[in-house]
>>> print(open('data-v8.tsv').read())   # TSV, C-alpha atoms
chain	number	residue	atom	x	y	z
A	174	MET	CA	-19.59	5.88	41.29
A	175	LYS	CA	-22.57	8.06	42.18
A	176	LYS	CA	-25.68	7.74	40.06
A	177	GLY	CA	-25.24	11.27	38.68
A	178	ASP	CA	-21.69	10.45	37.60
A	179	ALA	CA	-22.81	7.25	35.91
A	180	THR	CA	-25.51	9.10	33.97
A	181	ARG	CA	-23.05	11.80	33.00
A	182	ARG	CA	-20.62	9.19	31.75
A	183	GLU	CA	-23.31	7.43	29.79
A	184	ILE	CA	-24.37	10.67	28.11
A	185	ILE	CA	-20.77	11.28	27.05
A	186	GLN	CA	-20.40	7.78	25.65
A	187	LYS	CA	-23.62	8.01	23.69
A	188	ALA	CA	-23.02	11.55	22.46
A	189	ALA	CA	-19.44	10.85	21.33
A	190	PRO	CA	-20.36	8.99	18.11
A	191	ILE	CA	-22.79	11.77	17.13
A	192	PHE	CA	-20.16	14.51	17.51
A	193	ASN	CA	-17.47	12.35	15.90
A	194	GLN	CA	-19.66	11.55	12.91
A	195	LYS	CA	-21.51	14.80	12.40
A	196	GLY	CA	-19.15	17.44	13.76
A	197	TYR	CA	-20.00	20.09	16.29
A	198	GLU	CA	-22.45	22.06	14.15
A	199	GLY	CA	-23.95	18.96	12.60
A	200	ALA	CA	-24.71	17.25	15.93
A	201	SER	CA	-28.31	18.29	16.51
A	202	LEU	CA	-30.07	18.33	19.84
A	203	SER	CA	-32.67	15.91	18.51
A	204	GLU	CA	-29.98	13.38	17.60
A	205	LEU	CA	-28.29	13.82	20.97
A	206	MET	CA	-31.66	13.27	22.65
A	207	ARG	CA	-32.35	10.18	20.56
A	208	ALA	CA	-28.90	8.71	21.25
A	209	THR	CA	-29.03	9.33	24.99
A	210	GLY	CA	-32.73	8.62	25.42
A	211	LEU	CA	-33.01	11.84	27.43
A	212	GLU	CA	-34.88	15.10	27.03
A	213	LYS	CA	-33.00	18.37	26.62
A	214	GLY	CA	-33.28	19.10	30.33
A	215	GLY	CA	-31.99	15.65	31.18
A	216	ILE	CA	-28.86	16.24	29.13
A	217	TYR	CA	-28.21	19.79	30.23
A	218	ARG	CA	-28.67	18.99	33.89
A	219	HIS	CA	-25.22	17.41	33.57
A	220	PHE	CA	-23.52	19.79	31.15
A	221	GLU	CA	-23.33	23.55	31.02
A	222	SER	CA	-23.55	23.77	27.26
A	223	LYS	CA	-23.34	21.88	23.99
A	224	GLU	CA	-19.71	23.00	23.84
A	225	GLN	CA	-18.92	21.36	27.18
A	226	LEU	CA	-20.60	18.12	26.15
A	227	ALA	CA	-18.74	18.15	22.83
A	228	ALA	CA	-15.43	18.74	24.62
A	229	GLU	CA	-15.97	15.80	26.97
A	230	ALA	CA	-17.18	13.63	24.11
A	231	PHE	CA	-13.95	14.44	22.28
A	232	ASP	CA	-11.88	13.52	25.35
A	233	TYR	CA	-13.67	10.20	25.53
A	234	ALA	CA	-13.27	9.45	21.81
A	235	TRP	CA	-9.59	10.41	21.92
A	236	LYS	CA	-8.86	8.35	25.02
A	237	THR	CA	-10.43	5.36	23.28
A	238	ALA	CA	-8.37	5.99	20.14
A	239	MET	CA	-5.12	6.30	22.09
A	240	GLU	CA	-5.82	3.07	23.97
A	241	GLN	CA	-6.30	1.26	20.68
A	242	ARG	CA	-3.28	2.81	19.03
A	243	LEU	CA	-0.90	2.14	21.89
A	244	ALA	CA	-2.27	-1.31	22.73
A	245	GLY	CA	0.47	-3.81	23.35
A	246	ALA	CA	3.22	-1.30	22.57
A	247	GLU	CA	4.55	-0.82	26.09
A	248	GLU	CA	5.23	-4.54	26.44
A	249	ILE	CA	7.53	-4.57	23.42
A	250	GLU	CA	11.20	-4.19	24.35
A	251	ASN	CA	12.76	-2.93	21.16
A	252	SER	CA	11.85	0.67	20.32
A	253	VAL	CA	11.57	0.17	16.56
A	254	ASP	CA	9.27	-2.79	17.11
A	255	ARG	CA	7.27	-0.66	19.52
A	256	LEU	CA	6.81	1.99	16.82
A	257	LYS	CA	5.81	-0.72	14.38
A	258	GLN	CA	3.20	-1.98	16.83
A	259	ILE	CA	1.63	1.49	16.92
A	260	VAL	CA	1.56	1.58	13.13
A	261	ARG	CA	0.01	-1.89	13.04
A	262	ASN	CA	-2.61	-0.79	15.56
A	263	PHE	CA	-3.63	2.08	13.28
A	264	ARG	CA	-4.42	-0.45	10.61
A	265	GLU	CA	-5.80	-3.33	12.61
A	266	ARG	CA	-7.40	-2.06	15.80
A	267	ARG	CA	-10.27	-0.06	14.38
A	268	GLU	CA	-13.17	-2.00	15.92
A	269	GLY	CA	-12.88	-0.47	19.35
A	270	LEU	CA	-12.94	3.14	18.15
A	271	VAL	CA	-15.83	5.51	18.63
A	272	PRO	CA	-17.78	5.39	15.32
A	273	GLY	CA	-16.97	8.18	12.88
A	274	GLY	CA	-13.24	7.67	12.39
A	275	CYS	CA	-10.22	9.35	13.94
A	276	PRO	CA	-11.44	12.03	16.36
A	277	LEU	CA	-8.21	14.00	15.91
A	278	LEU	CA	-8.67	14.25	12.15
A	279	ASN	CA	-12.37	15.05	12.50
A	280	THR	CA	-11.96	17.69	15.16
A	281	ALA	CA	-8.90	19.30	13.57
A	282	ILE	CA	-10.88	19.92	10.39
A	283	ASP	CA	-14.20	20.62	12.07
A	284	SER	CA	-12.94	23.09	14.66
A	285	ASP	CA	-10.40	25.08	12.73
A	286	ASP	CA	-12.57	28.05	12.00
A	287	GLY	CA	-14.36	28.80	15.17
A	288	ASN	CA	-14.69	26.39	18.04
A	289	LEU	CA	-11.73	27.34	20.21
A	290	ILE	CA	-12.25	24.79	22.98
A	291	LEU	CA	-12.44	21.88	20.54
A	292	ARG	CA	-9.54	23.25	18.56
A	293	ALA	CA	-7.40	23.40	21.71
A	294	LYS	CA	-8.43	19.83	22.55
A	295	ALA	CA	-7.45	18.58	19.10
A	296	LYS	CA	-4.15	20.43	19.26
A	297	ARG	CA	-3.37	18.87	22.63
A	298	ALA	CA	-4.37	15.43	21.35
A	299	LEU	CA	-1.99	15.76	18.42
A	300	ARG	CA	0.74	16.89	20.82
A	301	GLU	CA	0.09	13.84	23.01
A	302	LEU	CA	0.40	11.43	20.09
A	303	LEU	CA	3.56	13.13	18.83
A	304	ASP	CA	5.06	13.12	22.34
A	305	ARG	CA	4.47	9.39	22.70
A	306	ILE	CA	6.21	8.66	19.43
A	307	GLU	CA	9.06	11.08	20.14
A	308	GLY	CA	9.52	9.49	23.56
A	309	ILE	CA	9.90	6.05	22.02
A	310	VAL	CA	12.46	7.42	19.55
A	311	THR	CA	14.63	9.07	22.19
A	312	THR	CA	14.44	5.96	24.38
A	313	GLY	CA	15.46	3.90	21.38
A	314	GLN	CA	18.40	6.16	20.72
A	315	ALA	CA	19.55	5.92	24.34
A	316	GLN	CA	19.32	2.12	24.06
A	317	GLY	CA	21.24	2.02	20.77
A	318	GLU	CA	18.25	0.69	18.84
A	319	ILE	CA	17.56	3.80	16.79
A	320	ARG	CA	20.13	5.77	14.82
A	321	ARG	CA	21.42	8.92	16.45
A	322	SER	CA	20.90	10.79	13.20
A	323	VAL	CA	17.13	10.34	13.38
A	324	ASN	CA	15.29	13.49	14.43
A	325	ALA	CA	12.58	12.33	16.85
A	326	LYS	CA	10.30	15.28	16.20
A	327	GLU	CA	10.56	14.91	12.45
A	328	LEU	CA	9.95	11.18	12.51
A	329	ALA	CA	6.87	11.60	14.72
A	330	THR	CA	5.49	14.27	12.38
A	331	LEU	CA	6.06	12.06	9.38
A	332	VAL	CA	4.41	9.00	10.91
A	333	VAL	CA	1.35	10.91	12.07
A	334	SER	CA	0.85	12.90	8.86
A	335	THR	CA	1.17	9.81	6.66
A	336	LEU	CA	-1.26	7.78	8.77
A	337	GLU	CA	-3.82	10.53	9.25
A	338	GLY	CA	-3.73	11.47	5.57
A	339	SER	CA	-4.36	7.87	4.62
A	340	LEU	CA	-7.34	7.81	6.98
A	341	MET	CA	-8.83	10.69	5.05
A	342	MET	CA	-8.38	8.80	1.77
A	343	ARG	CA	-9.70	5.60	3.28
A	344	ARG	CA	-12.82	7.40	4.30
A	345	LEU	CA	-13.54	8.68	0.79
A	346	GLN	CA	-12.60	5.50	-0.99
A	347	LYS	CA	-14.27	3.26	1.58
A	348	ASN	CA	-11.53	0.68	1.44
A	349	ASP	CA	-8.48	-0.15	3.51
A	350	GLU	CA	-5.90	0.14	0.75
A	351	PRO	CA	-4.60	3.67	1.47
A	352	LEU	CA	-4.13	2.83	5.14
A	353	ALA	CA	-2.43	-0.49	4.36
A	354	LEU	CA	-0.07	1.28	1.97
A	355	ALA	CA	0.74	4.05	4.41
A	356	CYS	CA	1.49	1.50	7.13
A	357	ARG	CA	3.71	-0.56	4.85
A	358	HIS	CA	5.57	2.57	3.77
A	359	ILE	CA	6.28	3.61	7.34
A	360	GLU	CA	7.28	0.09	8.34
A	361	GLU	CA	9.81	-0.02	5.51
A	362	TYR	CA	11.07	3.42	6.43
A	363	LEU	CA	11.52	2.35	10.04
A	364	GLU	CA	13.56	-0.67	8.97
A	365	GLU	CA	15.68	1.14	6.41
A	366	LYS	CA	16.27	4.57	7.92
A	367	VAL	CA	15.54	4.33	11.60
A	368	ARG	CA	16.64	0.99	13.04
A	369	ASP	CA	20.25	0.99	14.14
B	237	MET	CA	-21.02	36.26	-20.40
B	238	LYS	CA	-24.63	37.17	-19.64
B	239	LYS	CA	-25.31	39.28	-16.57
B	240	GLY	CA	-27.06	36.38	-14.82
B	241	ASP	CA	-24.06	34.14	-15.41
B	242	ALA	CA	-21.69	36.76	-14.05
B	243	THR	CA	-23.77	37.16	-10.89
B	244	ARG	CA	-23.98	33.41	-10.47
B	245	ARG	CA	-20.23	33.12	-10.80
B	246	GLU	CA	-19.68	35.90	-8.30
B	247	ILE	CA	-21.97	34.21	-5.76
B	248	ILE	CA	-19.98	30.99	-6.13
B	249	GLN	CA	-16.66	32.77	-5.64
B	250	LYS	CA	-17.87	34.61	-2.57
B	251	ALA	CA	-19.61	31.61	-1.04
B	252	ALA	CA	-16.65	29.26	-1.58
B	253	PRO	CA	-14.54	30.57	1.35
B	254	ILE	CA	-17.53	30.31	3.70
B	255	PHE	CA	-18.21	26.66	2.82
B	256	ASN	CA	-14.50	25.83	2.81
B	257	GLN	CA	-13.95	27.40	6.23
B	258	LYS	CA	-17.17	26.50	8.01
B	259	GLY	CA	-18.28	23.30	6.34
B	260	TYR	CA	-21.70	22.64	4.88
B	261	GLU	CA	-23.66	22.71	8.13
B	262	GLY	CA	-21.63	25.59	9.56
B	263	ALA	CA	-22.13	27.87	6.56
B	264	SER	CA	-25.15	29.91	7.62
B	265	LEU	CA	-27.47	31.79	5.33
B	266	SER	CA	-26.64	35.04	7.13
B	267	GLU	CA	-22.93	34.58	6.40
B	268	LEU	CA	-23.64	33.68	2.80
B	269	MET	CA	-25.78	36.80	2.52
B	270	ARG	CA	-23.09	38.96	4.08
B	271	ALA	CA	-20.36	37.54	1.85
B	272	THR	CA	-22.35	37.91	-1.35
B	273	GLY	CA	-24.10	41.16	-0.41
B	274	LEU	CA	-27.38	39.60	-1.52
B	275	GLU	CA	-30.66	38.75	0.16
B	276	LYS	CA	-31.81	35.13	0.39
B	277	GLY	CA	-33.99	35.56	-2.69
B	278	GLY	CA	-31.06	37.05	-4.61
B	279	ILE	CA	-28.93	34.01	-3.90
B	280	TYR	CA	-31.60	31.39	-4.49
B	281	ARG	CA	-32.71	32.92	-7.74
B	282	HIS	CA	-29.49	31.39	-9.10
B	283	PHE	CA	-29.31	28.13	-7.16
B	284	GLU	CA	-31.91	25.50	-6.44
B	285	SER	CA	-30.71	24.82	-2.92
B	286	LYS	CA	-27.91	25.32	-0.41
B	287	GLU	CA	-26.64	21.91	-1.50
B	288	GLN	CA	-26.34	23.02	-5.10
B	289	LEU	CA	-24.51	26.21	-4.12
B	290	ALA	CA	-22.16	24.22	-1.86
B	291	ALA	CA	-21.45	21.74	-4.65
B	292	GLU	CA	-20.55	24.49	-7.11
B	293	ALA	CA	-18.50	26.29	-4.45
B	294	PHE	CA	-16.56	23.07	-3.94
B	295	ASP	CA	-15.96	22.73	-7.69
B	296	TYR	CA	-14.61	26.27	-7.76
B	297	ALA	CA	-12.36	25.77	-4.71
B	298	TRP	CA	-11.04	22.49	-6.06
B	299	LYS	CA	-10.38	23.87	-9.54
B	300	THR	CA	-8.38	26.67	-7.89
B	301	ALA	CA	-6.45	24.17	-5.76
B	302	MET	CA	-5.62	21.96	-8.73
B	303	GLU	CA	-4.41	24.94	-10.76
B	304	GLN	CA	-2.05	25.89	-7.94
B	305	ARG	CA	-0.84	22.34	-7.37
B	306	LEU	CA	-0.16	21.59	-11.01
B	307	ALA	CA	1.25	25.02	-11.85
B	308	GLY	CA	4.39	24.78	-13.95
B	309	ALA	CA	4.38	20.97	-13.86
B	310	GLU	CA	3.38	20.35	-17.46
B	311	GLU	CA	6.33	22.37	-18.74
B	312	ILE	CA	8.85	20.15	-16.95
B	313	GLU	CA	10.27	17.41	-19.16
B	314	ASN	CA	11.47	14.84	-16.66
B	315	SER	CA	8.67	12.97	-14.88
B	316	VAL	CA	10.35	12.82	-11.48
B	317	ASP	CA	11.01	16.54	-11.61
B	318	ARG	CA	7.39	17.05	-12.61
B	319	LEU	CA	6.28	15.13	-9.52
B	320	LYS	CA	8.66	17.21	-7.41
B	321	GLN	CA	7.14	20.38	-8.82
B	322	ILE	CA	3.70	19.25	-7.65
B	323	VAL	CA	5.09	18.54	-4.19
B	324	ARG	CA	6.79	21.95	-4.13
B	325	ASN	CA	3.52	23.60	-5.17
B	326	PHE	CA	1.77	22.02	-2.19
B	327	ARG	CA	4.23	23.77	0.06
B	328	GLU	CA	4.74	27.05	-1.72
B	329	ARG	CA	1.67	27.97	-3.73
B	330	ARG	CA	-0.82	28.47	-0.94
B	331	GLU	CA	-1.64	32.14	-1.53
B	332	GLY	CA	-3.94	31.57	-4.46
B	333	LEU	CA	-6.13	29.00	-2.69
B	334	VAL	CA	-9.68	29.64	-1.55
B	335	PRO	CA	-9.37	30.53	2.18
B	336	GLY	CA	-9.98	27.66	4.57
B	337	GLY	CA	-7.32	25.18	3.43
B	338	CYS	CA	-7.48	22.16	1.17
B	339	PRO	CA	-11.08	21.73	-0.05
B	340	LEU	CA	-10.53	18.00	-0.54
B	341	LEU	CA	-9.47	17.47	3.06
B	342	ASN	CA	-12.26	19.71	4.36
B	343	THR	CA	-15.01	18.15	2.29
B	344	ALA	CA	-13.84	14.57	2.82
B	345	ILE	CA	-14.15	15.01	6.57
B	346	ASP	CA	-17.17	17.28	6.51
B	347	SER	CA	-19.30	15.21	4.13
B	348	ASP	CA	-18.56	11.67	5.22
B	349	ASP	CA	-21.65	11.15	7.29
B	350	GLY	CA	-24.46	12.53	5.26
B	351	ASN	CA	-24.01	14.93	2.37
B	352	LEU	CA	-23.90	12.55	-0.57
B	353	ILE	CA	-23.44	15.12	-3.32
B	354	LEU	CA	-20.46	16.73	-1.59
B	355	ARG	CA	-19.03	13.35	-0.71
B	356	ALA	CA	-19.20	12.28	-4.36
B	357	LYS	CA	-17.52	15.54	-5.36
B	358	ALA	CA	-14.68	15.00	-2.88
B	359	LYS	CA	-14.25	11.42	-3.99
B	360	ARG	CA	-14.01	12.50	-7.61
B	361	ALA	CA	-11.56	15.25	-6.69
B	362	LEU	CA	-9.30	12.77	-4.93
B	363	ARG	CA	-9.55	10.47	-7.96
B	364	GLU	CA	-8.56	13.36	-10.23
B	365	LEU	CA	-5.48	14.19	-8.18
B	366	LEU	CA	-4.45	10.52	-7.99
B	367	ASP	CA	-4.98	10.08	-11.74
B	368	ARG	CA	-2.75	13.05	-12.51
B	369	ILE	CA	0.06	11.65	-10.40
B	370	GLU	CA	-0.39	8.11	-11.72
B	371	GLY	CA	-0.34	9.45	-15.26
B	372	ILE	CA	3.00	11.15	-14.66
B	373	VAL	CA	4.42	7.94	-13.19
B	374	THR	CA	3.38	5.75	-16.13
B	375	THR	CA	4.67	8.35	-18.60
B	376	GLY	CA	7.93	8.41	-16.66
B	377	GLN	CA	8.19	4.64	-16.83
B	378	ALA	CA	7.58	4.66	-20.60
B	379	GLN	CA	10.33	7.27	-20.95
B	380	GLY	CA	12.77	5.33	-18.77
B	381	GLU	CA	12.84	8.03	-16.08
B	382	ILE	CA	10.98	6.09	-13.40
B	383	ARG	CA	11.77	2.56	-12.30
B	384	ARG	CA	9.56	-0.16	-13.69
B	385	SER	CA	9.19	-1.62	-10.22
B	386	VAL	CA	7.33	1.45	-8.96
B	387	ASN	CA	3.59	0.90	-8.60
B	388	ALA	CA	1.97	4.10	-9.92
B	389	LYS	CA	-1.19	3.69	-7.89
B	390	GLU	CA	0.70	3.06	-4.67
B	391	LEU	CA	3.04	5.98	-5.18
B	392	ALA	CA	0.14	8.35	-5.87
B	393	THR	CA	-1.65	7.17	-2.73
B	394	LEU	CA	1.46	7.67	-0.65
B	395	VAL	CA	2.16	11.16	-1.95
B	396	VAL	CA	-1.39	12.35	-1.43
B	397	SER	CA	-1.86	10.81	2.02
B	398	THR	CA	1.43	12.21	3.31
B	399	LEU	CA	0.74	15.70	2.00
B	400	GLU	CA	-2.90	15.84	3.09
B	401	GLY	CA	-2.08	14.49	6.54
B	402	SER	CA	0.56	17.15	6.98
B	403	LEU	CA	-2.00	19.79	6.00
B	404	MET	CA	-4.17	18.62	8.88
B	405	MET	CA	-1.23	18.94	11.30
B	406	ARG	CA	-0.25	22.29	9.85
B	407	ARG	CA	-3.71	23.56	10.52
B	408	LEU	CA	-3.66	22.60	14.18
B	409	GLN	CA	-0.10	23.69	14.83
B	410	LYS	CA	-0.43	26.85	12.76
B	411	ASN	CA	3.05	26.51	11.32
B	412	ASP	CA	4.53	25.22	8.10
B	413	GLU	CA	6.86	22.65	9.62
B	414	PRO	CA	4.73	19.50	9.11
B	415	LEU	CA	4.14	20.39	5.47
B	416	ALA	CA	7.82	21.19	4.89
B	417	LEU	CA	8.81	17.86	6.43
B	418	ALA	CA	6.27	15.90	4.44
B	419	CYS	CA	7.47	17.54	1.23
B	420	ARG	CA	11.12	16.84	2.01
B	421	HIS	CA	10.32	13.24	2.84
B	422	ILE	CA	8.54	12.69	-0.48
B	423	GLU	CA	11.28	14.48	-2.41
B	424	GLU	CA	13.89	12.18	-0.89
B	425	TYR	CA	11.73	9.16	-1.59
B	426	LEU	CA	11.33	10.20	-5.22
B	427	GLU	CA	15.10	10.51	-5.62
B	428	GLU	CA	15.97	7.29	-3.82
B	429	LYS	CA	13.22	4.89	-4.77
B	430	VAL	CA	11.52	6.26	-7.85
B	431	ARG	CA	13.99	7.93	-10.18
B	432	ASP	CA	15.60	5.49	-12.62
>>> encode(input="data-v8.tsv", output="structure tokens")
Amino acid sequence: MKKGDATRREIIQKAAPIFNQKGYEGASLSELMRATGLEKGGIYRHFESKEQLAAEAFDYAWKTAMEQRLAGAEEIENSVDRLKQIVRNFRERREGLVPGGCPLLNTAIDSDDGNLILRAKAKRALRELLDRIEGIVTTGQAQGEIRRSVNAKELATLVVSTLEGSLMMRRLQKNDEPLALACRHIEEYLEEKVRD
Amino acid sequence: MKKGDATRREIIQKAAPIFNQKGYEGASLSELMRATGLEKGGIYRHFESKEQLAAEAFDYAWKTAMEQRLAGAEEIENSVDRLKQIVRNFRERREGLVPGGCPLLNTAIDSDDGNLILRAKAKRALRELLDRIEGIVTTGQAQGEIRRSVNAKELATLVVSTLEGSLMMRRLQKNDEPLALACRHIEEYLEEKVRD
């Protein structure tokens, strides 16, 4: 890696928590400078604009979140158990995330009335998560592990909305109960209505 | 109502969509001035600070949301049907809301890393919604309409997280499908697991 690339990468990693915690408008230049230890010129030598930096910071935060959420899932043979692993990861693997909570939830709410690049990023991130879940469902159906009557798209939507909604509640209540409940609910649903 | 009170009220109503759409940081004075048709001095004659105006704008947006969500529910005798009415309202009564989507979802995400007054408001709003649902569940249990085994607090958490999460998805996908699915899922759950 060239030195310029390494610096660029470091700026992204250090800016990501600021954008994820404060939102696009709330992330001030002074905070970005403090976090990166660089002057304005030092940051913007590597990025065209605040918008570009925010977009790459989102990509980084989302990649990290997806790694945590999918961790260990691929290795699991049975498709229902693979879905359950993803649900478990939502609850348990929160240490490795970029500080500030789920970047999809943050950016969906933060970007919905203006920032088109970030909005497109969040939309694509949601699509990626849904696609992964839908893929597991259709695989599971082909392997006779998941009922044919299950609609993959609907199940994916349900899983993601329940988990993300509980993350919002968790953040206000500052305890893990909503998330634990949401996970248990989905796990029961997967056993009762999804597993063949 | 005194003239000053009427003006104050009008400022709140006109500022509410700006705060709900743009968030606290994103709501600029120039937009607030444009929306209210007042100069800075005209606005701040009635409010101590931007924070105070934002807090009252949230109260107004939330009061409107709760009116829509609870509309027609009190009149329904059976507790499960009353819960189903609230779920239906989430899906169907969206016209009367302050533009910008659910103020609870917006403010929970927007305020979580700094604005303590707004955060406290959002937390209390969530508590209010949960209490209403829990109250219906315990009434339903006393009346023999809801199974004794149902945990009121857990059910309320589940309903709210599923609906609010689907609102986030709806906003990114710009279609009603996630919300319709979330509502149908809860309606089925209420019939299968909750109704006695």
>>> residues_near_point(input="data-v8.tsv", point="(-14.9, -0.8, 17.7)", cutoff="12 Å", atoms="all atoms listed in the file", output="short mmCIF file (atom, residue, chain, number, x, y, z; two decimals) with C-alpha atoms, keeping the file's coordinate frame")
data_model
loop_
_atom_site.label_atom_id
_atom_site.label_comp_id
_atom_site.auth_asym_id
_atom_site.auth_seq_id
_atom_site.Cartn_x
_atom_site.Cartn_y
_atom_site.Cartn_z
CA PRO A 190 -20.36 8.99 18.11
CA ALA A 234 -13.27 9.45 21.81
CA THR A 237 -10.43 5.36 23.28
CA ALA A 238 -8.37 5.99 20.14
CA GLU A 240 -5.82 3.07 23.97
CA GLN A 241 -6.30 1.26 20.68
CA GLU A 265 -5.80 -3.33 12.61
CA ARG A 266 -7.40 -2.06 15.80
CA ARG A 267 -10.27 -0.06 14.38
CA GLU A 268 -13.17 -2.00 15.92
CA GLY A 269 -12.88 -0.47 19.35
CA LEU A 270 -12.94 3.14 18.15
CA VAL A 271 -15.83 5.51 18.63
CA PRO A 272 -17.78 5.39 15.32
CA GLY A 273 -16.97 8.18 12.88
CA GLY A 274 -13.24 7.67 12.39
CA CYS A 275 -10.22 9.35 13.94
#
>>> residues_around(input="data-v8.tsv", residues="Leu303 (chain A)", least_positions_apart="5", cutoff="8 Å", atoms="all atoms listed in the file", output="list in words")
Lys326, Ala329, Thr330 and Val333 of chain A
>>> atom_distance(input="data-v8.tsv", atom1="CA of Glu311 (chain B)", atom2="CA of Leu399 (chain B)")
22.5 Å
>>> residues_around(input="data-v8.tsv", residues="region 339-355 of chain A", least_positions_apart="5", cutoff="9 Å", atoms="all atoms listed in the file", output="short mmCIF file (atom, residue, chain, number, x, y, z; two decimals) with C-alpha atoms, in the frame of the given file")
data_model
loop_
_atom_site.label_atom_id
_atom_site.label_comp_id
_atom_site.auth_asym_id
_atom_site.auth_seq_id
_atom_site.Cartn_x
_atom_site.Cartn_y
_atom_site.Cartn_z
CA PHE A 263 -3.63 2.08 13.28
CA ARG A 264 -4.42 -0.45 10.61
CA GLY A 274 -13.24 7.67 12.39
CA CYS A 275 -10.22 9.35 13.94
CA LEU A 278 -8.67 14.25 12.15
CA VAL A 332 4.41 9.00 10.91
CA SER A 334 0.85 12.90 8.86
CA GLU A 360 7.28 0.09 8.34
CA LEU B 341 -9.47 17.47 3.06
CA ALA B 344 -13.84 14.57 2.82
CA ILE B 345 -14.15 15.01 6.57
CA ASP B 348 -18.56 11.67 5.22
CA ARG B 355 -19.03 13.35 -0.71
CA ALA B 356 -19.20 12.28 -4.36
CA ALA B 358 -14.68 15.00 -2.88
CA LYS B 359 -14.25 11.42 -3.99
CA LEU B 362 -9.30 12.77 -4.93
CA GLU B 390 0.70 3.06 -4.67
CA THR B 393 -1.65 7.17 -2.73
CA LEU B 394 1.46 7.67 -0.65
CA VAL B 396 -1.39 12.35 -1.43
CA SER B 397 -1.86 10.81 2.02
CA THR B 398 1.43 12.21 3.31
CA GLU B 400 -2.90 15.84 3.09
CA GLY B 401 -2.08 14.49 6.54
#
>>> axis_aligned_box(input="data-v8.tsv", around="region 325-340 of chain B", padding_each_side="5 Å", output="lines of an AutoDock Vina configuration file")
center_x = -3.2
center_y = 25.1
center_z = -0.3
size_x = 25.8
size_y = 24.1
size_z = 19.7
>>> residues_around(input="data-v8.tsv", residues="Gly287 (chain A)", least_positions_apart="3", cutoff="10 Å", atoms="only C-alpha atoms", output="ChimeraX atom specification")
/A:283-284,290-292 /B:257-258,262
>>> closest_residue(input="data-v8.tsv", among="B:Glu428, B:Asp295, B:Asp241, B:Glu381", to="chain A", atoms="all atoms listed in the file")
B:Glu428
>>> atom_distance(input="data-v8.tsv", atom1="CA of Arg244 (chain B)", atom2="CA of Glu364 (chain B)")
25.3 Å
>>> build_atoms(input="data-v8.tsv", residues="region 284-295 of chain B", atoms="N, CA and C atoms", output="short mmCIF file (atom, residue, chain, number, x, y, z; two decimals), in the frame of the given file")
data_model
loop_
_atom_site.label_atom_id
_atom_site.label_comp_id
_atom_site.auth_asym_id
_atom_site.auth_seq_id
_atom_site.Cartn_x
_atom_site.Cartn_y
_atom_site.Cartn_z
N GLU B 284 -30.74 26.22 -6.91
CA GLU B 284 -31.91 25.50 -6.44
C GLU B 284 -31.95 25.34 -4.93
N SER B 285 -30.77 25.16 -4.34
CA SER B 285 -30.71 24.82 -2.92
C SER B 285 -29.33 25.17 -2.36
N LYS B 286 -29.22 25.13 -1.05
CA LYS B 286 -27.91 25.32 -0.41
C LYS B 286 -26.95 24.23 -0.89
N GLU B 287 -27.48 23.02 -1.06
CA GLU B 287 -26.64 21.91 -1.50
C GLU B 287 -26.04 22.17 -2.89
N GLN B 288 -26.86 22.74 -3.75
CA GLN B 288 -26.34 23.02 -5.10
C GLN B 288 -25.26 24.11 -5.05
N LEU B 289 -25.51 25.14 -4.25
CA LEU B 289 -24.51 26.21 -4.12
C LEU B 289 -23.21 25.65 -3.53
N ALA B 290 -23.35 24.80 -2.50
CA ALA B 290 -22.16 24.22 -1.86
C ALA B 290 -21.38 23.36 -2.85
N ALA B 291 -22.11 22.61 -3.68
CA ALA B 291 -21.45 21.74 -4.65
C ALA B 291 -20.66 22.57 -5.67
N GLU B 292 -21.25 23.67 -6.12
CA GLU B 292 -20.55 24.49 -7.11
C GLU B 292 -19.40 25.28 -6.45
N ALA B 293 -19.58 25.62 -5.19
CA ALA B 293 -18.50 26.29 -4.45
C ALA B 293 -17.32 25.33 -4.28
N PHE B 294 -17.64 24.06 -4.04
CA PHE B 294 -16.56 23.07 -3.94
C PHE B 294 -15.83 22.95 -5.27
N ASP B 295 -16.58 22.84 -6.36
CA ASP B 295 -15.96 22.73 -7.69
C ASP B 295 -14.99 23.89 -7.93
#
